[in-house]
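> I'd like to ask you about the structure that follows.
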Amino acid sequence: MPSPSRSTGALAAIAVGLLAGAWIAGLGWRVPHAWMASVAVLGIGGLLAASTATSAARPARRAWVVLAALASFVGQGLAPPMDLERAVPRGVARLEGRVESAGDDAAVVRIEGGDTLEGAALPRGERVLVRGLRAPPGTRLRVLARLSPRPTFHNPSPHPRWPSPRLAASGSVRSTPEVLEPARIDARVAWAVRRHVSRRLQSTLSPSTAALGRTVLLGERGALDEGTRDSIRGAGLSHVLAVSGLHVTLLAGGCVLLLGALLCRIRAVTARVDARRVARLLGIPLALGYAALIGDAPSAWRAAITASLAWALAGAGRRPHPVGVAAGAALLCAALHPDDLPRPGFALSILATAAIVTAPGARADALWRTGITIATRTMIATAPIVIWLFGSLPLAGVVANVVVVPLATLLVIPALALHAALASIAPALAVPTAPVVEALARSFVAASEVFAAVPLGRDLPPPTVPQGVIVAVACAAWLATERVRPRLAILALAALGLAGAEAHLVTSERATGRLRVTFLDVGQGDGALVDLPDGRLLAIDAGGAVGAGVDPGARVVVPLLRARRRDRVDLLVLSHPHPDHYGGMAALLDAIEVGEIWDSGQAASEEPEGAVASMLRRSGVRVRGPAELCGREHHFGDATMRVRWPCPEHDPGWGPNENSLVLDLRYGRRRFLFTGDAEAHAEGGLVAQTLGRVDVLKVAHHGSRTSSAAALLDVLRPRVAIVSAGRDNRFGHPHPEVWTRLRRASGCALRTDVNGGVVVETDGEELSVRPTRGRCSR
């Protein structure tokens with residue numbers, strides 16, 4: 001590849017700075033405006049000095065660095081804020097908005113107005129998935145829809161979530177939509193063609209092969225079953241499923257080659273113009289049309305714009321430089337769709353393209369070596385994001401990309417495209433191609449399963465932010481050099497840095513001499529992790545059902561334990577057998593070693609074949625009840641814990657809430673009280689025990705009006721009161737009267753539906769309170 005010119009290098013520097021600034025801002029690290037202005041002034045001065053220097057190479061590179069720094073500030077401003085999530089109210093709503101993307105029987109709508117039947121306003125700018133809505137992208141409409149907020153969890157973790165925009169709610173239509181503004185004609189045509197092709201694929205191929213075709217050709221992400229998708233991802237071949245440069249090159253590029261060959265045979269054309277240049281210019285609407293057909297796919301648009309820029313330059317008689325074209329396409333995509341900047345698909349597409357266009361030129365006598373080089377470079381370039389998002393980096397993917405991708409490139413994708421074209425014209429024409437496509441699709445999936453079975457690079461621990469930075473810097477440095485010794489030094493330094501960060505994480509997460517309680521945001525349920533002063537770990541409840549298909553145990557508790565490098569829970573407490581407290585325990589018991597379980601015993605006594613009793617039996621873990629636990633202190637180093645209720649046994653005359661295990665945890669001068677879902681009867685028993693003041697109160701029953709009576713709060717006088725409740729929950733928790741009472745009774749009232757997870761830490765003397773979001777309510 002030729003060395004980049006000054007203009008090409010400057011363009012690439014601007015693209016790198018812009019994207020880096022946007023991604024960093026998306027993580028929440030925004031540079032203050034004063035620093036921005038100061039550095040910008042210095043940067044402009046440095047840029048002018050570099051541009052007036054006499055030497056060519058070194059000052060130009062300095063100028064590129066300065067340009068990248070300046071562009072990063074622009075990226076900071078372009079990046080959409082990821083910390084302004086606004087809840088979409090639950091219920092039937094008069095939704096007004098514009099369709100962003102549309103499938104066969106559902107559409108994503110960006111809210112522009114509307115309210116629920118109860119009068120609650122819908123937040124503008126949020127995106128909702130509406131099933132049963134058939135409308136092309138760009139349509140502005142009004143429709144009656146039943147909406148349900150999608151559960152999101154905000155918890156303090158060494159492994160923060162990727163700041164990608166998410167759907168705020170999902171629902172289904174309840175009336176015929178009223179079109180306020182129709183989509184453009186091109187969007188309507190693309191949507192109709194897409195639906196037609198998708199249906200013809202489903203009618204002419206088996207369900208599994210049709211799903212592969214719809215994913216590969218049309219970008220329908222939900223078409224493939226999870227097993228097949230996991231196999232392809234596990235083999236390091238996810239890019240085959242995401243419509244990107246590979247697909248645009250094959251389909252639009254193939255059409256350009258055919259057009260060029262055809263035009264070269266027409267003398268009337270060759271006599272007047274360069275036929276191949278004309279073919280490239282004709283390829284521009286083909287590439288952009290294919291991206292429009294795919295719809296809301298950042299990688300497809302990036303690839304189409306890249307191809308269009310390259311063909312436009314070639315059509316104008318200019319030689320396109322790969323780095324300049326890729327950088328220009330990235331800038332254009334960022335300008336047209338700034339909301340795509342933090343999306344993982346866009347970032348992966350940009351990084352993979354950068355790795356390819358900066359690779360050494362291919363040699364005809366060493367194609368396999370070139371293939372391995374490109375596969376390795378793309379794997380390393382995308383490794384930081386892949387590891388962060390998926391917790392794996394399949395090392396077999398290098399070989400899979402050399403062995404399987406040619407199969408996909410030369411056979412599978414062209415065969416699917418040909419079959420789709422024939423089936424779209426007339427299903428009878430596609431009869432001969434169907435068996436071939438079926439065989440090729442099965443071969444591709446089978447080959448992916450073989451490479452996915454290789455365990456190297458699978459199930460990596462979630463990296464911390466320092467570890468993520470180390471991996472990103474090491475990957476960039478490795479790609480920047482081709483010499484063996486520097487690369488070995490980079491690997492050695494990265495290994496040392498990762499090992500040091502890992503050792504620090506393990507030490508800090510198991511710090512002795514301190515008590516740390518993390519009240520988890522698990523939606524409408526309870527869950528808490530207690531790091532005890534002797535290094536042991538206590539878990540109290542594990543969330544419950546907050547929505548269809550959502551398991552807070554698998555979504556919150558287990559990932560947080562993995563991020564904290566905790567592979568054992570020494571004591572698991574089930575306060576009482578209600579789903580919002582035990583719903584995530586099955587996932588916890590399956591994934592983490594548990595030493596002992598404390599339980600009220602009511603489930604085993606009254607429903608021995610029920611869900612809770614069966615789960616506890618299957619676990620094989622020792623279960624202890626109030627008869628063993630009441631009446632004495634349980635020591636965890638210098639911390640002590642007492643079971644205050646129900647003692648000496650649960651009372652079968654009362655329900656599970658009134659038989660909740662109430663735990664009194666003390667460390668030094670500090671005291672925590674966990675009350676489960678205790679209500680009036682249990683609270684009366686606690687008042688009779690004259691417990692005295694507590695420092696931290698886990699508020700009973702999510703702040704329901706049947707709990708937290710004034711008499712109990714007068715006795716406890718908590719310094720901190722924490723309510724665990726789900727956002728926009730249908731029970732109205734916490735009740736306004738109870739919340740007012742808690743704010744008056746304590747110096748700091750917090751709720752997980754507003755503040756997210758809350759960490760309370762003490763050395764026995766001082767007490768620190770750190771909510772994930774917001775601050776104490778007083």
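Letters A, B, ... mark the chains of the structure tokens in the order given; residue numbers begin at 1 per chain; ligand numbers begin at 1, in order shown.
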Please extract the residues of region 542-587 of chain A with a backbone DSSP assignment of helix (DSSP H, G or I) and present them as a list in words.

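Assigned to helix (DSSP H, G or I), within region 542-587 of chain A: Pro552, Gly553, Ala554, Arg555, Val556, Val557, Val558, Pro559, Leu560, Leu561, Arg562, Ala563, Pro579, Asp580, His581, Tyr582, Met585, Ala586 and Ala587 of chain A.
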
> May I ask which of the residues A:Ile413, A:Ser424, A:Leu95, A:Arg369 is the closest one to Gln202 (chain A), counting only C-alpha atoms?

A:Ser424

> Dump as JSON lines the rows for residues of region 138-241 of chain A within 9 Å of region 454-462 of chain A: closest atom pair and distance in Å with one decimal, only C-alpha atoms counted, ordered by chain and rising residue number.


```
{"residue": "A:Pro158", "atom": "CA", "partner": "A:Pro462", "partner_atom": "CA", "distance": 8.5}
{"residue": "A:His159", "atom": "CA", "partner": "A:Pro462", "partner_atom": "CA", "distance": 6.3}
{"residue": "A:Gly234", "atom": "CA", "partner": "A:Arg458", "partner_atom": "CA", "distance": 7.9}
{"residue": "A:Ala235", "atom": "CA", "partner": "A:Val454", "partner_atom": "CA", "distance": 8.2}
```

> Keeping only C-alpha atoms, take the residues you just selected and write them out as a short mmCIF file (atom, residue, chain, number, x, y, z; two decimals), in the first residue's frame.


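For reference, selection20.cif as written:
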```cif
data_model
loop_
_atom_site.label_atom_id
_atom_site.label_comp_id
_atom_site.auth_asym_id
_atom_site.auth_seq_id
_atom_site.Cartn_x
_atom_site.Cartn_y
_atom_site.Cartn_z
CA PRO A 158 -15.69 -3.06 37.80
CA HIS A 159 -16.99 -3.88 34.30
CA GLY A 234 -17.97 -18.72 18.73
CA ALA A 235 -16.02 -19.46 15.56
#
```

> Determine the nearest neighbour of Gly391 (chain A) from the options A:Val759, A:Ala563, A:Ala613, A:Ala472, counting only C-alpha atoms.

A:Ala563

> What is the CA of Ala211 (chain A) to CA of Pro384 (chain A) distance in Å?

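Going from CA of Ala211 (chain A) over to CA of Pro384 (chain A) covers 29.4 Å.
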
> I need the residue nearest Ala312 (chain A) from this list: A:Ala539, A:Val216, A:Ala279, A:Val386. Use only C-alpha atoms for the distance.

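Among the listed residues, the smallest separation from Ala312 (chain A) belongs to A:Ala279.
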
> Go through region 517-615 of chain A and flag each residue having an atom no more than 6 Å from region 724-733 of chain A; for those, report the closest pair of atoms plus their distance in Å to one decimal, using only C-alpha atoms, ordered by chain and rising number, as JSON lines.


```
{"residue": "A:Gly523", "atom": "CA", "partner": "A:Gly726", "partner_atom": "CA", "distance": 3.9}
{"residue": "A:Gln524", "atom": "CA", "partner": "A:Gly726", "partner_atom": "CA", "distance": 3.8}
{"residue": "A:Asp526", "atom": "CA", "partner": "A:Ser724", "partner_atom": "CA", "distance": 5.9}
```

> Please determine, counting only C-alpha atoms, which residue among A:Gly227, A:Pro160, A:Gly317, A:Pro137 has the shortest atom-to-atom distance to Arg194 (chain A).

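Closest candidate: A:Pro137.
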
> Go through A:Ala745, A:Ala700, A:Ala335, A:Met615 one by one, measure the shortest atom-to-atom distance of each to Asp714 (chain A) using only C-alpha atoms, and give the residue with the smallest value.

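Selected residue with least distance to Asp714 (chain A): A:Ala745.
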
> Using only C-alpha atoms, which of the listed residues (A:Leu515, A:Val269, A:Ala476, A:Ala417) sits closest to Glu766 (chain A)?

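Result for the nearest residue to Glu766 (chain A): A:Leu515.
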
> Residues of region 421-538 of chain A that have any atom at most 9 Å from an atom of region 548-559 of chain A: could you tabulate them with the shortest-distance atom pair and the distance in Å to one decimal, using only C-alpha atoms, ordered by chain and increasing number, as a Markdown table?


```
| residue | atom | partner | partner_atom | distance |
| --- | --- | --- | --- | --- |
| A:Pro462 | CA | A:Pro559 | CA | 8.3 |
| A:Leu520 | CA | A:Val557 | CA | 8.1 |
| A:Asp521 | CA | A:Val556 | CA | 8.0 |
| A:Val522 | CA | A:Pro552 | CA | 5.6 |
| A:Gly523 | CA | A:Pro552 | CA | 7.7 |
| A:Gly527 | CA | A:Val557 | CA | 8.1 |
| A:Ala528 | CA | A:Val557 | CA | 8.9 |
| A:Leu529 | CA | A:Val557 | CA | 8.7 |
```

> Just write the chosen residues, N, CA and C atoms, as a CSV table (one decimal), in the first residue's frame.


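Below you can see result28.csv, which holds the result:
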```csv
chain,number,residue,atom,x,y,z
A,462,PRO,N,-14.8,-10.9,32.7
A,462,PRO,CA,-15.1,-9.5,32.3
A,462,PRO,C,-13.9,-8.5,32.7
A,520,LEU,N,-28.5,-4.3,45.4
A,520,LEU,CA,-28.5,-4.4,43.9
A,520,LEU,C,-29.8,-3.8,43.3
A,521,ASP,N,-29.7,-3.2,42.2
A,521,ASP,CA,-30.8,-2.9,41.3
A,521,ASP,C,-31.2,-4.1,40.5
A,522,VAL,N,-32.2,-4.8,41.0
A,522,VAL,CA,-32.7,-6.1,40.3
A,522,VAL,C,-34.1,-5.9,39.8
A,523,GLY,N,-34.6,-4.7,39.7
A,523,GLY,CA,-35.9,-4.5,39.3
A,523,GLY,C,-36.8,-4.6,40.5
A,527,GLY,N,-32.2,-7.9,46.3
A,527,GLY,CA,-31.0,-8.6,46.2
A,527,GLY,C,-29.9,-7.7,46.8
A,528,ALA,N,-29.0,-8.4,47.6
A,528,ALA,CA,-27.9,-7.7,48.2
A,528,ALA,C,-26.7,-8.6,48.3
A,529,LEU,N,-25.5,-8.0,48.1
A,529,LEU,CA,-24.2,-8.8,48.3
A,529,LEU,C,-23.5,-8.1,49.5
```
